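Enquirer: Have a look at the structure that comes next, please.
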Amino acid sequence: MNNYPIIKFTLYFIIGILLQSILSLSTLALLIITFLLLISNILLVTANNVRFKQLVFVTAPALIVLTSMLFTSIPGKITEEYPYDLPIIKSSTIIGEVVEIDLVKDSKWSFVLISESIKMNDDFDKTPRKIVVNLFFEKFGEIQNLYDSVDIGDIVYFDARIIKPAEARNPGEFNYYEYLKSVGISIQANIYKPESMKIVDNSELSFSSYIHFIRKNVDSQILRMFIHETAALIRGLLLADRGNIDFDLRQSFVNVGVIHVLAVSGLHVGFIIFIFYFLFSRLNTYSRYWMSILGIVLFMILTNFPTSVVRASIMAVAMILSLLSNRSYNSLNALALAAMIILLINPDDLFDPGFQLSFSSVCAIVILYPKLKDGLGTSRIRNKYLRGLLDFLLVSISAQIGTLPFTIYYFGKFSLAGIFANLIVIPLIGIILGSAILTLVISVITVNLGQIFGSSVNLLSEIMFWIIKIFDSAEYSFIRISGFSVWDGILFFMTIIMFVFFSRFLVHRLTKFIIFLLLAINFLIWAKLDNSTLIPNNILTVMAIDVGQGDACLVKTPNGKIILIDSGNATPYFDSGERTIIPILHNLEIEKIDYALISHVDSDHYKGIFSLVKAGYIKEVFKPQLIEDLKKDIEFEDFLSEFEIPIHYYDKSILELGNIRLFILNHRESNTTQQFDANNSSGIIKLVYGNCSILFMGDAEIPAEKYYGKVYGKFVDSDILKVGHHGSKTSSSDEFLNLVSPKIALISCGIMNKFKHPSAITLDKMNEKSVEIYRTDESGCLIFQSDGNDFRKIDWFN
């Protein structure tokens with residue numbers, strides 16, 4: 001490493017970024033400390049005392065670390081909080097300059113602008129604000145002229161709904177608000193009427209607009225040459241835009257451990273070098289090399305500078321320059337140089353998943369692959385095909401070891417099929433990429449021939465998707481790992497480093513295996529130090545999940561039984577079961593739901609359960625008695641029967657779940673209740689644990705409250721009231737609230753929903769009775785835990 005100082009420098013620089021992210025020292029303080037250390041270094045260097053000079057070997061790295069901290073502390077971009085009181089402003093008119101434009105998606109087109117003026121009712125906001133704008137449409141023809149006309153630098157005008165970007169509403173969710181803040185954006189604006197958008201002033205052609213023009217035309221040619229699924233893949237591979245790849249297909253890529261092939265990286269840069277080297281094969285060697293460098297730079301610009309492409313491009317250029325100058329090439333040195341350049345441009349990239357995955361995979365290949373190859377002795381295998389296959393396998397294993405902590409941390413999955421899937425998918429993706437580039441080049445000359453080549457690419461893509469889905473359908477294609485922390489990741493890399501270090505001094509494979517086993521055991525022991533869970537054993541946990549305008553509560557009993565009360569909605573645009581509840585179950589390591597209680601068959605209460613049933617989570621279902629003339633109720637029960645899910649109808653009964661008692665209060669045969677509508681037929685459930693109780697009301701309204709209040713009297717008294725019908729004024733009568741006398745009220749509703757839930761009347765009643773009110777629209781997911789004596793609220797967000 002002494003021969004490659006850039007590696008040391010980069011490591012010290014990274015340490016500085018990490019320290020500053022933890023300590024957050026002020027720029028002034030760092031300036032003073034750095035200046036004092038610099039003066040000390042100068043004095044030590046000029047001193048006659050040899051021992052003093054030797055201290056420079058300690059102070060010099062410290063100076064690099066401090067310089068890195070100082071560099072990181074200087075704000076590179078302005079970040080601001082969402083500036084308005086209301087999280088949704090339904091009507092606004094915005095004028096501003098377009099500064100970034102995304103490629104159009106299937107039903108959405110996004111761009112970023114700096115506002116000049118924002119009109120909201122009678123108020124004007126003249127402060128320049130960076131806004132991400134989403135324009136929604138049903139058919140591309142509605143916006144095609146607009147999409148073709150708008151350019152970077154244009155001044156545009158439109159009507160939009162202003163929205164505070166989504167924060168993490170439930171445990172384990174991505175915080176989109178914090179992400180946008182990190183790139184200087186605090187406002188999201190949605191356009192639902194494309195015709196309201198007008199270009200006020202066209203800009204002059206700039207470098208950015210020219211690049212966007214090229215990307216847009218390449219994308220247009222991709223859409224023309226390939227079917228939708230293939231086009232989405234090629235767009236991701238060539239233009240680094242994966243937005244059109246189907247959600248389920250992307251999940252399959254993750255599950256099988258081949259998601260990395262969708263990231264534009266070294267493989268793609270290698271193809272560009274090959275293509276340019278081939279195109280200019282008639283030129284002399286120096287010219288071919290320089291044209292290859294030009295091709296790499298153009299490709300980097302075309303893909304919009306994703307970290308993985310920048311890393312691969314810098315390494316490739318370093319290699320070509322070393323060949324031009326007849327100097328030796330060192331992969332680790334080139335990797336360190338790439339990291340240094342990227343982090344000098346933006347230190348925050350160190351925390352970007354793309355940076356971490358790209359650099360960790362290459363670093364692992366460079367360091368581990370030769371050691372694995374030597375350890376297994378593959379170079380001694382005479383059959384070159386077998387040797388090549390094993391070498392490729394070892395490269396794949398090395399990359400997976402390097403990226404393993406990051407894939408588990410970000411995706412919560414460890415792919416068992418990945419090693420074998422990569423053997424097929426990586427060569428196949430290379431063929432697809434090369435064929436796609438050839439197709440696009442040919443299509444410029446002749447469209448008909450291009451379409452013929454495009455058909456072969458479509459076929460290859462379909463075969464690859466089929467192979468990935470086959471791997472994904474295997475019972476043990478991956479295992480879920482939740483709660484993997486930064487500490488676990490550090491321990492993992494320390495274990496690998498220690499094994500690599502010790503293996504240098506060991507000759508016998510058995511000794512190496514024993515050392516590896518001891519280190520692995522130590523890793524497993526130390527990794528448990530920070531283990532924690534939101535839903536510990538031996539206590540009651542009640543979680544009101546934020547599913548927007550709907551209901552879903554997850555309950556874990558002290559003896560480990562899992563109960564789901566309602567499951568939110570599912571629409572063509574968003575499925576609460578698939579996109580909210582299942583990720584929470586993964587995050588909490590819940591494999592089965594013992595009892596699913598559907599309060600009633602309204603879409604915002606039951607539609608999410610379809611995904612849960614298909615995924616095999618539901619053991620049995622409780623619901624109101626079948627309404628024989630209600631089509632959706634019949635279809636729901638047919639669906640449950642198809643999956644052989646037992647159905648129980650609500651009727652007065654008690655479920656004994658260890659030391660938990662679940663009282664179902666409904667009277668199915670009563671003349672009064674048989675006249676109730678769907679809302680008032682909701683399952684009314686009281687959960688009792690020791691001295692603590694909670695009453696779930698579904699969408700029950702005042703008629704049901706009167707009936708059951710009269711039947712049960714003070715038995716409905718509960719510590720927590722899961723407020724009926726999202727806090728509507730048609731529920732929570734004074735008489736019923738007096739009977740329940742709750743200390744805490746939980747209200748599940750969507751942010752500024754169209755029904756205006758919860759009603760101000762209901763809130764006033766509760767405030768008058770000094771009830772603590774918690775709402776999912778304000779706080780996101782709400783978690784309460786009890787030891788049988790009292791309830792306490794859990795702050796999951798921190």
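By convention in this document, the chains of the structure tokens carry letters A, B, ... by their order, each chain's residues are numbered from 1, and ligands are numbered from 1 in the order they are shown.
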Can you pull out the residues contacting Ile515 in chain A? Cut-off 12 Å, using only C-alpha atoms, and skip same-chain residues under 2 positions away; I want them as a PyMOL selection string.
Expert: chain A and resi 495-496+498-513+517-522
Enquirer: Name the residues in contact with Val254 in chain A at a cut-off of 8 Å, using only C-alpha atoms, excluding same-chain residues fewer than 6 positions from it; report them as a short mmCIF file (atom, residue, chain, number, x, y, z; two decimals) with N, CA and C atoms, in the first residue's frame.
Expert:
data_model
loop_
_atom_site.label_atom_id
_atom_site.label_comp_id
_atom_site.auth_asym_id
_atom_site.auth_seq_id
_atom_site.Cartn_x
_atom_site.Cartn_y
_atom_site.Cartn_z
N PHE A 411 -32.43 -4.55 1.66
CA PHE A 411 -33.51 -5.38 1.13
C PHE A 411 -34.03 -6.41 2.14
N LYS A 413 -32.95 -9.36 2.71
CA LYS A 413 -32.99 -10.69 2.12
C LYS A 413 -31.58 -11.19 1.82
N SER A 415 -30.04 -14.02 -0.68
CA SER A 415 -30.42 -14.93 -1.76
C SER A 415 -29.56 -16.19 -1.73
#
Enquirer: Which residue, A:Pro353, A:Asp530, A:Asn346, A:Leu337, has the smallest gap to Ser308 in chain A when you use only C-alpha atoms?
Expert: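 That would be A:Pro353, the residue with the smallest distance to Ser308 in chain A.
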Enquirer: For Phe791 in chain A, work out the shell of residues within 9 Å, counting only C-alpha atoms and skipping chain neighbours fewer than 3 positions away, then give it as a PyMOL selection string.
Expert: chain A and resi 692+719-720+784-788
Enquirer: Write to file, as a PDB file, in the first residue's frame, the residues of the selection just made, with N, CA and C atoms.
Expert:
ATOM      1  N   CYS A 692     -55.791  -4.191  31.617  1.00  0.00           N
ATOM      2  CA  CYS A 692     -55.813  -3.327  30.431  1.00  0.00           C
ATOM      3  C   CYS A 692     -56.804  -3.853  29.396  1.00  0.00           C
ATOM      4  N   ASP A 719     -59.599   1.035  28.258  1.00  0.00           N
ATOM      5  CA  ASP A 719     -58.520   2.031  28.359  1.00  0.00           C
ATOM      6  C   ASP A 719     -58.289   2.728  27.029  1.00  0.00           C
ATOM      7  N   ILE A 720     -58.364   1.941  25.942  1.00  0.00           N
ATOM      8  CA  ILE A 720     -58.149   2.509  24.605  1.00  0.00           C
ATOM      9  C   ILE A 720     -59.384   2.237  23.755  1.00  0.00           C
ATOM     10  N   PHE A 784     -48.726   0.742  20.810  1.00  0.00           N
ATOM     11  CA  PHE A 784     -48.917   0.743  22.261  1.00  0.00           C
ATOM     12  C   PHE A 784     -48.602  -0.648  22.794  1.00  0.00           C
ATOM     13  N   GLN A 785     -47.950  -0.673  23.940  1.00  0.00           N
ATOM     14  CA  GLN A 785     -47.611  -1.949  24.576  1.00  0.00           C
ATOM     15  C   GLN A 785     -48.080  -1.957  26.025  1.00  0.00           C
ATOM     16  N   SER A 786     -48.368  -3.180  26.504  1.00  0.00           N
ATOM     17  CA  SER A 786     -48.887  -3.316  27.875  1.00  0.00           C
ATOM     18  C   SER A 786     -48.318  -4.559  28.543  1.00  0.00           C
ATOM     19  N   ASP A 787     -48.022  -4.420  29.834  1.00  0.00           N
ATOM     20  CA  ASP A 787     -47.611  -5.567  30.645  1.00  0.00           C
ATOM     21  C   ASP A 787     -48.773  -6.124  31.457  1.00  0.00           C
ATOM     22  N   GLY A 788     -49.985  -5.630  31.164  1.00  0.00           N
ATOM     23  CA  GLY A 788     -51.179  -6.056  31.898  1.00  0.00           C
ATOM     24  C   GLY A 788     -51.606  -5.060  32.951  1.00  0.00           C
TER      25      GLY A 788
END
Enquirer: What separation in Å, quoted to one decimal, exists between CA of Ala704 in chain A and CA of Thr571 in chain A?
Expert: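 One can read the CA of Ala704 in chain A to CA of Thr571 in chain A distance as 29.0 Å.
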Enquirer: Quick one: pick out all strand (DSSP E) residues within range 618-735 of chain A from a backbone DSSP run and write them as a PyMOL selection string.
Expert: chain A and resi 621-623+647-649+653-657+660-664+685-689+692-696+720-722
Enquirer: Could you please take those selected residues and save N, CA, C and O atoms as a compact mmCIF listing (two decimals), in the first residue's frame?
Expert:
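Final file, selection38.txt:
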# COMPACT_ATOMS: atom_id res chain seq x y z
N VAL A 621 -60.11 -16.63 9.10
CA VAL A 621 -60.71 -15.30 9.00
C VAL A 621 -62.02 -15.25 9.79
O VAL A 621 -62.83 -16.18 9.75
N PHE A 622 -62.21 -14.13 10.51
CA PHE A 622 -63.48 -13.79 11.14
C PHE A 622 -64.06 -12.59 10.39
O PHE A 622 -63.33 -11.66 10.06
N LYS A 623 -65.37 -12.64 10.14
CA LYS A 623 -66.03 -11.56 9.43
C LYS A 623 -67.51 -11.54 9.77
O LYS A 623 -68.03 -12.50 10.35
N ILE A 647 -63.59 -19.78 7.54
CA ILE A 647 -64.33 -18.53 7.77
C ILE A 647 -65.22 -18.71 9.00
O ILE A 647 -65.95 -19.70 9.13
N HIS A 648 -65.15 -17.74 9.92
CA HIS A 648 -66.02 -17.72 11.10
C HIS A 648 -66.81 -16.41 11.09
O HIS A 648 -66.25 -15.36 10.79
N TYR A 649 -68.09 -16.50 11.41
CA TYR A 649 -68.92 -15.30 11.46
C TYR A 649 -68.94 -14.75 12.88
O TYR A 649 -68.94 -15.50 13.86
N SER A 653 -69.00 -14.39 21.55
CA SER A 653 -68.10 -15.48 21.92
C SER A 653 -66.82 -14.91 22.53
O SER A 653 -66.60 -13.70 22.52
N ILE A 654 -65.99 -15.81 23.05
CA ILE A 654 -64.71 -15.40 23.65
C ILE A 654 -63.61 -16.27 23.07
O ILE A 654 -63.72 -17.50 23.03
N LEU A 655 -62.55 -15.63 22.60
CA LEU A 655 -61.35 -16.35 22.18
C LEU A 655 -60.32 -16.25 23.31
O LEU A 655 -59.93 -15.15 23.71
N GLU A 656 -59.92 -17.40 23.83
CA GLU A 656 -58.90 -17.43 24.90
C GLU A 656 -57.54 -17.65 24.23
O GLU A 656 -57.28 -18.69 23.64
N LEU A 657 -56.68 -16.64 24.31
CA LEU A 657 -55.35 -16.71 23.70
C LEU A 657 -54.31 -16.55 24.80
O LEU A 657 -53.76 -15.48 25.01
N ILE A 660 -54.71 -13.65 27.26
CA ILE A 660 -55.50 -12.64 26.54
C ILE A 660 -56.89 -13.21 26.29
O ILE A 660 -57.05 -14.36 25.90
N ARG A 661 -57.87 -12.36 26.52
CA ARG A 661 -59.25 -12.74 26.15
C ARG A 661 -59.76 -11.75 25.11
O ARG A 661 -59.68 -10.54 25.28
N LEU A 662 -60.28 -12.34 24.03
CA LEU A 662 -60.81 -11.53 22.94
C LEU A 662 -62.32 -11.74 22.91
O LEU A 662 -62.80 -12.81 22.55
N PHE A 663 -63.06 -10.71 23.31
CA PHE A 663 -64.52 -10.78 23.37
C PHE A 663 -65.12 -10.27 22.06
O PHE A 663 -64.89 -9.12 21.67
N ILE A 664 -65.84 -11.14 21.36
CA ILE A 664 -66.58 -10.71 20.17
C ILE A 664 -68.00 -10.37 20.65
O ILE A 664 -68.73 -11.23 21.15
N ILE A 685 -65.05 -5.70 18.90
CA ILE A 685 -64.18 -6.63 19.62
C ILE A 685 -63.53 -5.92 20.80
O ILE A 685 -62.98 -4.82 20.65
N LYS A 686 -63.58 -6.58 21.95
CA LYS A 686 -62.89 -6.06 23.13
C LYS A 686 -61.77 -7.02 23.50
O LYS A 686 -61.99 -8.21 23.70
N LEU A 687 -60.55 -6.45 23.58
CA LEU A 687 -59.39 -7.24 23.97
C LEU A 687 -59.03 -6.91 25.41
O LEU A 687 -58.90 -5.73 25.77
N VAL A 688 -58.87 -7.92 26.24
CA VAL A 688 -58.56 -7.72 27.67
C VAL A 688 -57.28 -8.47 28.02
O VAL A 688 -57.14 -9.66 27.73
N TYR A 689 -56.36 -7.74 28.66
CA TYR A 689 -55.11 -8.34 29.14
C TYR A 689 -54.83 -7.77 30.53
O TYR A 689 -54.50 -6.60 30.67
N CYS A 692 -55.79 -4.19 31.62
CA CYS A 692 -55.81 -3.33 30.43
C CYS A 692 -56.80 -3.85 29.40
O CYS A 692 -56.97 -5.07 29.25
N SER A 693 -57.41 -2.93 28.67
CA SER A 693 -58.38 -3.34 27.64
C SER A 693 -58.41 -2.32 26.52
O SER A 693 -58.08 -1.14 26.69
N ILE A 694 -58.81 -2.82 25.33
CA ILE A 694 -58.95 -1.96 24.16
C ILE A 694 -60.17 -2.41 23.38
O ILE A 694 -60.41 -3.62 23.22
N LEU A 695 -60.96 -1.46 22.91
CA LEU A 695 -62.21 -1.74 22.21
C LEU A 695 -62.08 -1.31 20.75
O LEU A 695 -61.80 -0.15 20.44
N PHE A 696 -62.27 -2.29 19.84
CA PHE A 696 -62.19 -2.03 18.39
C PHE A 696 -63.61 -1.92 17.84
O PHE A 696 -64.42 -2.84 18.01
N ILE A 720 -58.36 1.94 25.94
CA ILE A 720 -58.15 2.51 24.60
C ILE A 720 -59.38 2.24 23.76
O ILE A 720 -59.91 1.12 23.74
N LEU A 721 -59.83 3.25 23.06
CA LEU A 721 -60.94 3.11 22.12
C LEU A 721 -60.39 3.27 20.71
O LEU A 721 -59.82 4.33 20.38
N LYS A 722 -60.49 2.22 19.92
CA LYS A 722 -60.19 2.34 18.49
C LYS A 722 -61.45 2.92 17.87
O LYS A 722 -62.45 2.23 17.65
Enquirer: Near Asn333 in chain A, within 8 Å and counting only C-alpha atoms, which residues show up once chain neighbours fewer than 2 positions away are dropped, as JSON, numbers by chain?
Expert: {"A": [4, 6, 7, 330, 331, 335, 336, 337]}
Enquirer: Show me, as number ranges by chain, the residues that have an atom within 12 Å of Phe736 in chain A when counting only C-alpha atoms, minus same-chain residues fewer than 2 positions from it.
Expert: A: 695, 697, 700-718, 721, 723-724, 731-734, 738-742, 762, 765-766
Enquirer: Using only N, CA and C atoms, please write the residues we just selected to a file, as an mmCIF file, in the first residue's frame.
Expert:
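Printed below is again-v8.cif as written:
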data_model
loop_
_atom_site.group_PDB
_atom_site.id
_atom_site.type_symbol
_atom_site.label_atom_id
_atom_site.label_comp_id
_atom_site.auth_asym_id
_atom_site.auth_seq_id
_atom_site.Cartn_x
_atom_site.Cartn_y
_atom_site.Cartn_z
ATOM 1 N N LEU A 695 -60.962 -1.462 22.909
ATOM 2 C CA LEU A 695 -62.210 -1.735 22.206
ATOM 3 C C LEU A 695 -62.085 -1.314 20.747
ATOM 4 N N MET A 697 -63.898 -0.822 17.134
ATOM 5 C CA MET A 697 -65.272 -0.538 16.700
ATOM 6 C C MET A 697 -65.500 -0.666 15.196
ATOM 7 N N ALA A 700 -68.541 0.931 13.026
ATOM 8 C CA ALA A 700 -69.816 1.005 13.747
ATOM 9 C C ALA A 700 -70.177 2.458 14.044
ATOM 10 N N GLU A 701 -71.469 2.756 13.887
ATOM 11 C CA GLU A 701 -71.945 4.130 14.091
ATOM 12 C C GLU A 701 -72.902 4.167 15.277
ATOM 13 N N ILE A 702 -73.616 5.262 15.420
ATOM 14 C CA ILE A 702 -74.428 5.483 16.626
ATOM 15 C C ILE A 702 -75.488 4.406 16.851
ATOM 16 N N PRO A 703 -76.183 3.900 15.805
ATOM 17 C CA PRO A 703 -77.161 2.816 16.069
ATOM 18 C C PRO A 703 -76.524 1.593 16.744
ATOM 19 N N ALA A 704 -75.357 1.182 16.279
ATOM 20 C CA ALA A 704 -74.681 0.039 16.904
ATOM 21 C C ALA A 704 -74.202 0.400 18.306
ATOM 22 N N GLU A 705 -73.723 1.604 18.481
ATOM 23 C CA GLU A 705 -73.264 2.041 19.803
ATOM 24 C C GLU A 705 -74.417 1.995 20.815
ATOM 25 N N LYS A 706 -75.593 2.465 20.384
ATOM 26 C CA LYS A 706 -76.757 2.458 21.290
ATOM 27 C C LYS A 706 -77.154 1.036 21.670
ATOM 28 N N TYR A 707 -77.178 0.157 20.652
ATOM 29 C CA TYR A 707 -77.608 -1.215 20.910
ATOM 30 C C TYR A 707 -76.644 -1.924 21.859
ATOM 31 N N TYR A 708 -75.359 -1.901 21.503
ATOM 32 C CA TYR A 708 -74.388 -2.652 22.315
ATOM 33 C C TYR A 708 -74.109 -1.958 23.643
ATOM 34 N N GLY A 709 -74.285 -0.651 23.681
ATOM 35 C CA GLY A 709 -74.162 0.053 24.956
ATOM 36 C C GLY A 709 -75.259 -0.373 25.920
ATOM 37 N N LYS A 710 -76.452 -0.548 25.361
ATOM 38 C CA LYS A 710 -77.581 -0.987 26.196
ATOM 39 C C LYS A 710 -77.398 -2.438 26.641
ATOM 40 N N VAL A 711 -76.888 -3.290 25.741
ATOM 41 C CA VAL A 711 -76.727 -4.714 26.065
ATOM 42 C C VAL A 711 -75.608 -4.936 27.075
ATOM 43 N N TYR A 712 -74.469 -4.266 26.856
ATOM 44 C CA TYR A 712 -73.283 -4.579 27.663
ATOM 45 C C TYR A 712 -73.009 -3.569 28.783
ATOM 46 N N GLY A 713 -73.599 -2.387 28.684
ATOM 47 C CA GLY A 713 -73.405 -1.410 29.753
ATOM 48 C C GLY A 713 -71.935 -1.076 29.969
ATOM 49 N N LYS A 714 -71.499 -1.085 31.221
ATOM 50 C CA LYS A 714 -70.132 -0.686 31.576
ATOM 51 C C LYS A 714 -69.088 -1.719 31.146
ATOM 52 N N PHE A 715 -69.519 -2.869 30.629
ATOM 53 C CA PHE A 715 -68.543 -3.849 30.162
ATOM 54 C C PHE A 715 -67.716 -3.286 29.001
ATOM 55 N N VAL A 716 -68.275 -2.325 28.260
ATOM 56 C CA VAL A 716 -67.523 -1.756 27.140
ATOM 57 C C VAL A 716 -66.455 -0.771 27.617
ATOM 58 N N ASP A 717 -66.453 -0.471 28.937
ATOM 59 C CA ASP A 717 -65.428 0.417 29.482
ATOM 60 C C ASP A 717 -64.042 -0.110 29.098
ATOM 61 N N SER A 718 -63.195 0.763 28.509
ATOM 62 C CA SER A 718 -61.885 0.314 28.008
ATOM 63 C C SER A 718 -60.859 1.434 28.140
ATOM 64 N N LEU A 721 -59.832 3.249 23.064
ATOM 65 C CA LEU A 721 -60.943 3.110 22.119
ATOM 66 C C LEU A 721 -60.390 3.275 20.712
ATOM 67 N N VAL A 723 -61.420 4.228 17.633
ATOM 68 C CA VAL A 723 -62.617 5.011 17.337
ATOM 69 C C VAL A 723 -63.315 4.514 16.072
ATOM 70 N N GLY A 724 -64.636 4.396 16.127
ATOM 71 C CA GLY A 724 -65.434 3.903 15.017
ATOM 72 C C GLY A 724 -65.454 4.848 13.830
ATOM 73 N N SER A 731 -70.399 8.535 14.439
ATOM 74 C CA SER A 731 -70.036 7.586 15.494
ATOM 75 C C SER A 731 -69.607 8.375 16.732
ATOM 76 N N SER A 732 -69.248 7.628 17.806
ATOM 77 C CA SER A 732 -68.724 8.232 19.044
ATOM 78 C C SER A 732 -69.713 9.221 19.666
ATOM 79 N N SER A 733 -70.916 8.724 19.955
ATOM 80 C CA SER A 733 -71.909 9.563 20.639
ATOM 81 C C SER A 733 -71.456 9.836 22.071
ATOM 82 N N ASP A 734 -72.000 10.884 22.673
ATOM 83 C CA ASP A 734 -71.666 11.224 24.069
ATOM 84 C C ASP A 734 -71.982 10.065 24.997
ATOM 85 N N ASN A 738 -69.248 8.017 27.238
ATOM 86 C CA ASN A 738 -69.368 7.964 28.707
ATOM 87 C C ASN A 738 -69.274 6.523 29.218
ATOM 88 N N LEU A 739 -69.860 5.589 28.445
ATOM 89 C CA LEU A 739 -69.787 4.178 28.855
ATOM 90 C C LEU A 739 -68.363 3.618 28.708
ATOM 91 N N VAL A 740 -67.731 3.953 27.602
ATOM 92 C CA VAL A 740 -66.376 3.429 27.354
ATOM 93 C C VAL A 740 -65.348 4.131 28.240
ATOM 94 N N SER A 741 -65.547 5.430 28.456
ATOM 95 C CA SER A 741 -64.633 6.279 29.252
ATOM 96 C C SER A 741 -63.162 5.970 28.955
ATOM 97 N N PRO A 742 -62.759 6.114 27.696
ATOM 98 C CA PRO A 742 -61.375 5.764 27.347
ATOM 99 C C PRO A 742 -60.374 6.806 27.833
ATOM 100 N N THR A 762 -66.463 15.144 16.698
ATOM 101 C CA THR A 762 -65.965 13.994 17.461
ATOM 102 C C THR A 762 -64.743 14.381 18.280
ATOM 103 N N LYS A 765 -65.715 16.384 21.384
ATOM 104 C CA LYS A 765 -66.285 15.529 22.445
ATOM 105 C C LYS A 765 -65.172 14.877 23.263
ATOM 106 N N MET A 766 -64.177 14.382 22.560
ATOM 107 C CA MET A 766 -63.096 13.678 23.251
ATOM 108 C C MET A 766 -62.224 14.631 24.047
#
Enquirer: Would you please give, as a VMD selection string, all residues of range 574-617 of chain A that DSSP assigns to alpha helix (DSSP H) based on the backbone?
Expert: chain A and resid 576 582 to 587 603 to 606 609 to 614
Enquirer: Since we have the selection now, will you write its residues out, keeping N, CA, C and O atoms, as an mmCIF file, in the first residue's frame?
Expert:
data_model
loop_
_atom_site.group_PDB
_atom_site.id
_atom_site.type_symbol
_atom_site.label_atom_id
_atom_site.label_comp_id
_atom_site.auth_asym_id
_atom_site.auth_seq_id
_atom_site.Cartn_x
_atom_site.Cartn_y
_atom_site.Cartn_z
ATOM 1 N N SER A 576 -52.480 -1.889 -0.029
ATOM 2 C CA SER A 576 -51.992 -1.787 1.353
ATOM 3 C C SER A 576 -51.453 -3.114 1.873
ATOM 4 O O SER A 576 -50.504 -3.140 2.659
ATOM 5 N N ILE A 582 -47.376 -6.380 4.334
ATOM 6 C CA ILE A 582 -46.390 -7.460 4.146
ATOM 7 C C ILE A 582 -44.965 -6.983 4.472
ATOM 8 O O ILE A 582 -44.235 -7.684 5.178
ATOM 9 N N PRO A 583 -44.540 -5.783 4.013
ATOM 10 C CA PRO A 583 -43.213 -5.312 4.442
ATOM 11 C C PRO A 583 -43.075 -5.179 5.957
ATOM 12 O O PRO A 583 -42.005 -5.450 6.508
ATOM 13 N N ILE A 584 -44.156 -4.777 6.648
ATOM 14 C CA ILE A 584 -44.105 -4.691 8.111
ATOM 15 C C ILE A 584 -43.934 -6.087 8.712
ATOM 16 O O ILE A 584 -43.147 -6.288 9.650
ATOM 17 N N LEU A 585 -44.661 -7.063 8.169
ATOM 18 C CA LEU A 585 -44.529 -8.436 8.656
ATOM 19 C C LEU A 585 -43.102 -8.944 8.454
ATOM 20 O O LEU A 585 -42.541 -9.604 9.332
ATOM 21 N N HIS A 586 -42.513 -8.620 7.294
ATOM 22 C CA HIS A 586 -41.117 -8.994 7.049
ATOM 23 C C HIS A 586 -40.208 -8.336 8.070
ATOM 24 O O HIS A 586 -39.328 -8.977 8.654
ATOM 25 N N ASN A 587 -40.419 -7.047 8.279
ATOM 26 C CA ASN A 587 -39.582 -6.279 9.194
ATOM 27 C C ASN A 587 -39.653 -6.811 10.623
ATOM 28 O O ASN A 587 -38.662 -6.797 11.354
ATOM 29 N N SER A 603 -64.140 -1.644 1.173
ATOM 30 C CA SER A 603 -62.826 -1.796 0.539
ATOM 31 C C SER A 603 -61.686 -1.291 1.401
ATOM 32 O O SER A 603 -60.599 -1.876 1.411
ATOM 33 N N ASP A 604 -61.903 -0.205 2.156
ATOM 34 C CA ASP A 604 -60.811 0.358 2.953
ATOM 35 C C ASP A 604 -60.518 -0.465 4.213
ATOM 36 O O ASP A 604 -59.600 -0.139 4.973
ATOM 37 N N HIS A 605 -61.287 -1.548 4.413
ATOM 38 C CA HIS A 605 -61.066 -2.418 5.576
ATOM 39 C C HIS A 605 -60.634 -3.833 5.186
ATOM 40 O O HIS A 605 -59.974 -4.496 5.984
ATOM 41 N N TYR A 606 -60.989 -4.297 3.983
ATOM 42 C CA TYR A 606 -60.734 -5.714 3.690
ATOM 43 C C TYR A 606 -59.918 -5.991 2.429
ATOM 44 O O TYR A 606 -59.362 -7.077 2.282
ATOM 45 N N ILE A 609 -56.369 -7.708 2.342
ATOM 46 C CA ILE A 609 -56.160 -9.098 2.779
ATOM 47 C C ILE A 609 -55.941 -10.050 1.603
ATOM 48 O O ILE A 609 -55.351 -11.127 1.774
ATOM 49 N N PHE A 610 -56.379 -9.678 0.405
ATOM 50 C CA PHE A 610 -56.206 -10.550 -0.756
ATOM 51 C C PHE A 610 -54.723 -10.880 -0.975
ATOM 52 O O PHE A 610 -54.360 -12.036 -1.198
ATOM 53 N N SER A 611 -53.869 -9.861 -0.903
ATOM 54 C CA SER A 611 -52.428 -10.097 -1.077
ATOM 55 C C SER A 611 -51.863 -10.951 0.042
ATOM 56 O O SER A 611 -50.977 -11.783 -0.187
ATOM 57 N N LEU A 612 -52.376 -10.753 1.252
ATOM 58 C CA LEU A 612 -51.898 -11.524 2.402
ATOM 59 C C LEU A 612 -52.270 -12.998 2.271
ATOM 60 O O LEU A 612 -51.491 -13.889 2.618
ATOM 61 N N VAL A 613 -53.474 -13.247 1.761
ATOM 62 C CA VAL A 613 -53.914 -14.630 1.549
ATOM 63 C C VAL A 613 -53.060 -15.283 0.463
ATOM 64 O O VAL A 613 -52.577 -16.415 0.618
ATOM 65 N N LYS A 614 -52.855 -14.581 -0.649
ATOM 66 C CA LYS A 614 -52.052 -15.129 -1.752
ATOM 67 C C LYS A 614 -50.622 -15.432 -1.311
ATOM 68 O O LYS A 614 -50.001 -16.370 -1.791
#
Enquirer: Extract, using only C-alpha atoms, all DNA, RNA and protein residues at most 7 Å from Thr557 in chain A, discarding same-chain residues fewer than 6 positions from it, and format them as a PyMOL selection string.
Expert: chain A and resi 539-541+660
